[in-house]
$ cat start-v6.csv   # CSV, C-alpha atoms
chain,number,residue,atom,x,y,z
A,22,MET,CA,8.0,10.2,-36.4
A,23,PRO,CA,6.5,12.6,-33.8
A,24,VAL,CA,3.5,13.7,-35.8
A,25,ARG,CA,2.5,10.1,-36.6
A,26,SER,CA,2.8,9.1,-32.9
A,27,GLU,CA,0.6,12.1,-31.9
A,28,LEU,CA,-2.0,11.2,-34.5
A,29,ALA,CA,-2.1,7.6,-33.2
A,30,GLY,CA,-2.6,9.1,-29.7
A,31,GLN,CA,-5.5,11.0,-31.1
A,32,GLY,CA,-7.0,7.9,-32.6
A,33,LEU,CA,-5.9,8.2,-36.2
A,34,ASN,CA,-3.5,5.5,-37.2
A,35,ILE,CA,-1.6,6.3,-40.4
A,36,LYS,CA,0.9,3.9,-42.0
A,37,GLU,CA,4.5,5.1,-42.2
A,38,GLU,CA,4.4,4.8,-46.0
A,39,GLN,CA,1.6,7.3,-46.1
A,40,PHE,CA,4.0,10.0,-44.9
A,41,GLY,CA,6.4,11.7,-47.3
A,42,GLY,CA,8.3,14.9,-47.8
A,43,VAL,CA,9.5,17.2,-50.5
A,44,TYR,CA,13.1,18.2,-50.4
A,45,TYR,CA,14.1,21.2,-52.5
A,46,TYR,CA,16.9,23.0,-50.8
A,47,ASP,CA,19.4,21.7,-53.4
A,48,LEU,CA,17.4,23.9,-55.8
A,49,VAL,CA,17.3,27.0,-53.7
A,50,PRO,CA,20.5,29.1,-53.7
A,51,GLY,CA,21.0,31.2,-50.6
A,52,PRO,CA,21.0,35.0,-51.0
A,53,ARG,CA,24.8,35.1,-50.4
A,54,GLU,CA,25.3,32.7,-53.3
A,55,VAL,CA,23.6,35.2,-55.6
A,56,ALA,CA,25.0,38.3,-53.9
A,57,SER,CA,26.4,39.5,-57.2
A,58,ALA,CA,22.8,40.0,-58.4
A,59,ASP,CA,22.0,43.6,-57.7
A,60,HIS,CA,18.3,43.0,-57.3
A,61,ILE,CA,18.7,40.3,-54.7
A,62,ARG,CA,21.2,42.4,-52.8
A,63,ILE,CA,18.7,45.2,-52.7
A,64,LEU,CA,16.0,42.9,-51.6
A,65,VAL,CA,18.1,41.5,-48.7
A,66,LEU,CA,18.7,45.1,-47.5
A,67,ALA,CA,15.0,45.9,-47.8
A,68,LEU,CA,14.2,42.8,-45.8
A,69,ARG,CA,16.6,43.7,-43.0
A,70,GLU,CA,15.2,47.3,-42.9
A,71,MET,CA,11.6,45.9,-42.7
A,72,ALA,CA,12.6,43.5,-39.9
A,73,GLU,CA,14.1,46.3,-37.9
A,74,GLU,CA,11.0,48.4,-38.3
A,75,GLU,CA,8.6,45.6,-37.4
A,76,ILE,CA,10.7,44.5,-34.4
A,77,ASN,CA,10.6,48.2,-33.2
A,78,LEU,CA,6.8,48.1,-33.4
A,79,GLN,CA,6.8,45.6,-30.5
A,80,ARG,CA,6.2,42.5,-32.6
A,81,PHE,CA,8.7,40.9,-30.2
A,82,PRO,CA,8.1,42.6,-26.9
A,83,LEU,CA,11.1,41.1,-25.1
A,84,VAL,CA,13.6,42.6,-27.5
A,85,ARG,CA,15.1,45.8,-26.1
A,86,GLY,CA,17.8,48.1,-27.3
A,87,LEU,CA,19.2,48.9,-30.8
A,88,GLU,CA,21.8,46.1,-30.8
A,89,SER,CA,19.1,43.5,-29.9
A,90,VAL,CA,16.9,44.8,-32.6
A,91,LYS,CA,19.7,44.6,-35.2
A,92,LYS,CA,20.6,41.1,-34.1
A,93,LEU,CA,17.1,39.8,-34.5
A,94,ALA,CA,16.7,41.6,-37.8
A,95,ASP,CA,19.9,39.7,-39.0
A,96,GLU,CA,18.3,36.5,-37.8
A,97,VAL,CA,15.3,37.2,-40.0
A,98,VAL,CA,17.5,37.6,-43.0
A,99,ASP,CA,19.6,34.5,-42.1
A,100,SER,CA,16.5,32.4,-41.5
A,101,PHE,CA,14.4,33.4,-44.5
A,102,GLY,CA,16.7,35.2,-47.0
A,103,ASP,CA,16.7,32.2,-49.3
A,104,ILE,CA,13.0,32.8,-49.9
A,105,LEU,CA,14.0,35.8,-52.0
A,106,THR,CA,15.7,33.5,-54.5
A,107,TYR,CA,12.5,31.4,-54.8
A,108,LEU,CA,10.4,34.4,-55.4
A,109,TYR,CA,12.6,36.5,-57.6
A,110,ILE,CA,14.7,34.0,-59.6
A,111,ASP,CA,12.5,32.3,-62.2
A,112,GLU,CA,14.6,29.2,-62.7
A,113,THR,CA,14.5,28.5,-59.0
A,114,HIS,CA,10.8,29.2,-58.7
A,115,GLN,CA,9.9,26.9,-61.5
A,116,ALA,CA,12.3,24.0,-60.4
A,117,VAL,CA,10.9,24.0,-56.8
A,118,ASN,CA,7.3,24.1,-58.0
A,119,ALA,CA,8.0,21.2,-60.4
A,120,ARG,CA,9.3,19.1,-57.6
A,121,LEU,CA,6.2,19.8,-55.5
A,122,TYR,CA,4.0,18.9,-58.4
A,123,GLU,CA,5.8,15.6,-58.9
A,124,ALA,CA,5.4,14.7,-55.2
A,125,VAL,CA,1.7,15.4,-55.2
A,126,GLU,CA,1.0,13.7,-58.5
A,127,SER,CA,2.9,10.5,-57.4
A,128,SER,CA,0.8,10.2,-54.3
A,129,SER,CA,-2.2,7.9,-54.2
A,130,GLY,CA,-5.4,9.4,-53.0
A,131,PRO,CA,-6.1,12.9,-51.6
A,132,VAL,CA,-3.0,14.6,-50.1
A,133,THR,CA,-2.7,16.5,-46.9
A,134,LEU,CA,0.1,19.0,-47.5
A,135,ILE,CA,1.9,20.7,-44.6
A,136,GLY,CA,4.0,23.6,-45.8
A,137,TYR,CA,6.5,24.5,-43.1
A,138,SER,CA,8.4,27.9,-43.2
A,139,LEU,CA,9.5,28.4,-46.9
A,140,GLY,CA,7.4,25.4,-47.7
A,141,SER,CA,4.3,27.4,-46.8
A,142,ILE,CA,5.1,30.0,-49.4
A,143,VAL,CA,6.1,27.3,-52.0
A,144,SER,CA,2.9,25.5,-51.4
A,145,TYR,CA,0.7,28.6,-51.7
A,146,CYS,CA,2.4,29.8,-54.9
A,147,ALA,CA,2.7,26.5,-56.6
A,148,LEU,CA,-0.8,25.3,-56.0
A,149,ILE,CA,-2.4,28.5,-57.2
A,150,GLN,CA,-0.3,28.3,-60.3
A,151,ASN,CA,-1.5,24.7,-61.0
A,152,SER,CA,-5.2,24.1,-60.3
A,153,GLU,CA,-5.1,20.5,-61.5
A,154,VAL,CA,-2.5,19.6,-58.9
A,155,SER,CA,-4.2,21.8,-56.3
A,156,ARG,CA,-7.4,19.9,-56.6
A,157,ARG,CA,-5.6,16.7,-55.5
A,158,VAL,CA,-4.8,18.3,-52.1
A,159,SER,CA,-7.5,17.7,-49.6
A,160,GLN,CA,-6.0,20.2,-47.2
A,161,LEU,CA,-3.1,22.7,-47.1
A,162,ILE,CA,-1.7,23.5,-43.7
A,163,MET,CA,0.6,26.5,-43.5
A,164,LEU,CA,2.9,26.1,-40.5
A,165,GLY,CA,5.3,28.7,-39.1
A,166,SER,CA,4.8,30.7,-42.3
A,167,PRO,CA,7.0,33.8,-42.9
A,168,LEU,CA,4.5,35.1,-45.5
A,169,PHE,CA,4.2,38.4,-43.8
A,170,TRP,CA,7.9,39.2,-44.5
A,171,PHE,CA,7.4,38.3,-48.2
A,172,LYS,CA,3.9,39.5,-49.0
A,173,HIS,CA,5.0,41.8,-51.8
A,174,GLY,CA,7.1,39.0,-53.5
A,175,VAL,CA,4.2,36.6,-53.3
A,176,ALA,CA,1.7,39.1,-54.5
A,177,ALA,CA,3.9,39.6,-57.6
A,178,ARG,CA,3.8,35.9,-58.3
A,179,VAL,CA,0.2,34.9,-57.7
A,180,GLY,CA,-1.7,37.7,-55.9
A,181,LEU,CA,-2.8,37.6,-52.3
A,182,GLU,CA,-6.5,37.5,-53.1
A,183,ALA,CA,-6.2,34.1,-54.7
A,184,ARG,CA,-7.0,30.8,-52.9
A,185,PRO,CA,-5.5,27.5,-53.9
A,186,GLN,CA,-8.2,25.0,-55.0
A,187,VAL,CA,-7.7,22.7,-52.1
A,188,GLY,CA,-10.4,21.2,-49.9
A,189,ARG,CA,-9.3,23.0,-46.7
A,190,PHE,CA,-6.9,25.8,-46.1
A,191,VAL,CA,-5.4,26.4,-42.6
A,192,ASN,CA,-2.7,28.5,-40.9
A,193,ILE,CA,-1.0,27.3,-37.7
A,194,ALA,CA,0.9,30.1,-36.0
A,195,GLY,CA,3.2,29.7,-33.0
A,196,ILE,CA,3.8,32.8,-30.9
A,197,LEU,CA,6.6,34.0,-30.6
A,198,ASP,CA,8.0,32.7,-33.8
A,199,ILE,CA,10.4,34.9,-35.7
A,200,ALA,CA,8.5,34.2,-38.9
A,201,LEU,CA,5.5,36.1,-37.5
A,202,PRO,CA,3.0,33.5,-38.7
A,203,GLN,CA,0.2,35.1,-36.7
A,204,MET,CA,0.3,37.9,-39.3
A,205,VAL,CA,-0.8,35.5,-42.1
A,206,PRO,CA,-4.6,36.2,-41.7
A,207,LYS,CA,-3.9,39.9,-42.1
A,208,VAL,CA,-2.3,39.1,-45.5
A,209,LEU,CA,-4.5,36.3,-46.7
A,210,HIS,CA,-8.3,36.4,-46.3
A,211,SER,CA,-9.1,33.0,-47.9
A,212,LEU,CA,-8.1,30.9,-44.9
A,213,ASP,CA,-10.7,28.5,-43.6
A,214,GLU,CA,-9.2,28.5,-40.1
A,215,ASN,CA,-6.3,30.1,-38.2
A,216,ILE,CA,-4.9,28.6,-35.0
A,217,GLU,CA,-2.6,30.4,-32.7
A,218,PHE,CA,-0.7,29.3,-29.6
A,219,TYR,CA,2.4,30.2,-27.7
A,220,ILE,CA,5.2,28.0,-28.9
A,221,ASN,CA,8.1,29.8,-27.2
A,222,PRO,CA,7.4,33.1,-25.4
A,223,LEU,CA,11.0,33.8,-24.7
A,224,ASP,CA,13.0,32.9,-27.9
A,225,PRO,CA,11.5,33.7,-31.3
A,226,VAL,CA,14.3,32.0,-33.2
A,227,LYS,CA,14.0,28.7,-31.3
A,228,GLY,CA,10.3,29.0,-31.5
A,229,HIS,CA,10.4,28.7,-35.3
A,230,LEU,CA,12.4,25.5,-35.0
A,231,GLU,CA,10.2,23.8,-32.4
A,232,TYR,CA,7.0,22.9,-34.2
A,233,PHE,CA,7.9,19.2,-34.5
A,234,VAL,CA,9.4,19.1,-31.0
A,235,ARG,CA,7.0,20.6,-28.6
A,236,ARG,CA,4.2,18.4,-27.5
A,237,GLU,CA,1.6,21.2,-27.6
A,238,SER,CA,2.6,22.0,-31.2
A,239,LEU,CA,2.4,18.4,-32.2
A,240,ALA,CA,-1.1,18.1,-30.7
A,241,VAL,CA,-2.2,21.2,-32.7
A,242,ILE,CA,-0.8,19.8,-36.0
A,243,ALA,CA,-2.3,16.4,-35.5
A,244,SER,CA,-5.7,17.8,-34.6
A,245,GLU,CA,-5.7,19.9,-37.8
A,246,ILE,CA,-4.7,16.9,-39.9
A,247,LYS,CA,-7.5,14.9,-38.4
A,248,LYS,CA,-10.1,17.6,-39.2
A,249,GLY,CA,-9.5,17.3,-43.0
A,250,TRP,CA,-8.4,13.7,-43.2
A,251,THR,CA,-10.3,11.7,-45.9
$ encode --input "start-v6.csv" --output "structure tokens"
Amino acid sequence: MPVRSELAGQGLNIKEEQFGGVYYYDLVPGPREVASADHIRILVLALREMAEEEINLQRFPLVRGLESVKKLADEVVDSFGDILTYLYIDETHQAVNARLYEAVESSSGPVTLIGYSLGSIVSYCALIQNSEVSRRVSQLIMLGSPLFWFKHGVAARVGLEARPQVGRFVNIAGILDIALPQMVPKVLHSLDENIEFYINPLDPVKGHLEYFVRRESLAVIASEIKKGWT
């Protein structure tokens, strides 16, 4: 496990059984699976339009030309479109949250929760909606969060002014990452810390997938875990 090895290298030895994960993709239908739902289809189109607009605003300076912009906008939809079903389908939202609550409640001692990609949005929403579970989390680390793309959907669920009742609340943003995690502090103002670094300056799609691969990224993740470890 790369993070565990990096933590050991930084002087924090954590047993393998202290690591765990929450799998919920069996609960999250992709946007194409619910394409017959008019409101989801409209939301997918709106996400694509937003992506094209933001990419044209030089969020990704290496992207040039209309076709490149459209291609990257399609990548945004393909990479994160399933988040729409979590935010806008009540049954999915509740089932995913319930699985996160179960995982936290079954853990012994304070929990360090790393919410990666969709997981960052799930963690933020779910913990705000359940303060009892939230108080069992010593720190919440948002990693590669696409919150910027879905700020309106999140605001409709929990409000962006809210803060989960966790001990420490951190955002880790790799640049360039197609998720635009560096925009999270512009959306949320309750973060205790925001850390930015270049994860892949040439390929924003690969950048989003490299947090648990690149040594610099692993070092940042491990360092933040150490800061809030109890």
$ closest_residue --input "start-v6.csv" --among "A:Ala147, A:Leu209, A:Glu38, A:Phe81" --to "Val179 of chain A" --atoms "only C-alpha atoms"
A:Ala147
$ residues_around --input "start-v6.csv" --residues "Leu93 of chain A" --least-positions-apart "4" --cutoff "10 Å" --atoms "all atoms listed in the file" --output "list in words"
Arg69, Ala72, Glu73, Ile76, Phe81, Val84, Glu88, Ser89, Val97, Val98, Asp99, Ile199, Pro225 and Val226 of chain A
$ closest_residue --input "start-v6.csv" --among "A:Ala58, A:Val132, A:Ser166, A:Gly180" --to "Gly41 of chain A" --atoms "all atoms listed in the file"
A:Val132
$ residues_around --input "start-v6.csv" --residues "Phe218 of chain A" --least-positions-apart "6" --cutoff "10 Å" --atoms "only C-alpha atoms" --output "list in words"
Ile193, Ala194, Gly195, Ile196, Leu197, Gln203, Glu237, Ser238 and Val241 of chain A
$ residues_around --input "start-v6.csv" --residues "Ala116 of chain A" --least-positions-apart "6" --cutoff "9 Å" --atoms "only C-alpha atoms" --output "number ranges by chain"
A: 45, 48-49
$ atom_distance --input "start-v6.csv" --atom1 "atom CA of Glu27 of chain A" --atom2 "atom CA of Leu239 of chain A"
6.6 Å
$ closest_residue --input "start-v6.csv" --among "A:Val234, A:Ala240, A:Met22, A:Leu223" --to "Leu83 of chain A" --atoms "all atoms listed in the file"
A:Leu223
$ closest_residue --input "start-v6.csv" --among "A:Val90, A:Asn77, A:Trp250, A:Ala243" --to "Gly130 of chain A" --atoms "all atoms listed in the file"
A:Trp250
$ closest_residue --input "start-v6.csv" --among "A:Phe169, A:Tyr107, A:Phe190, A:Tyr137" --to "Gly42 of chain A" --atoms "only C-alpha atoms"
A:Tyr137
$ atom_distance --input "start-v6.csv" --atom1 "atom CA of Ser244 of chain A" --atom2 "atom CA of Leu134 of chain A"
14.2 Å
$ closest_residue --input "start-v6.csv" --among "A:Asp95, A:Asp47, A:Glu231, A:Arg189" --to "Glu70 of chain A" --atoms "only C-alpha atoms"
A:Asp95
$ residues_around --input "start-v6.csv" --residues "Ile246 of chain A" --least-positions-apart "5" --cutoff "10 Å" --atoms "only C-alpha atoms" --output "list in words"
Val24, Leu28, Leu33, Thr133, Leu134, Ile135, Gln160, Leu161, Ile162, Val191, Ala240, Val241 and Thr251 of chain A
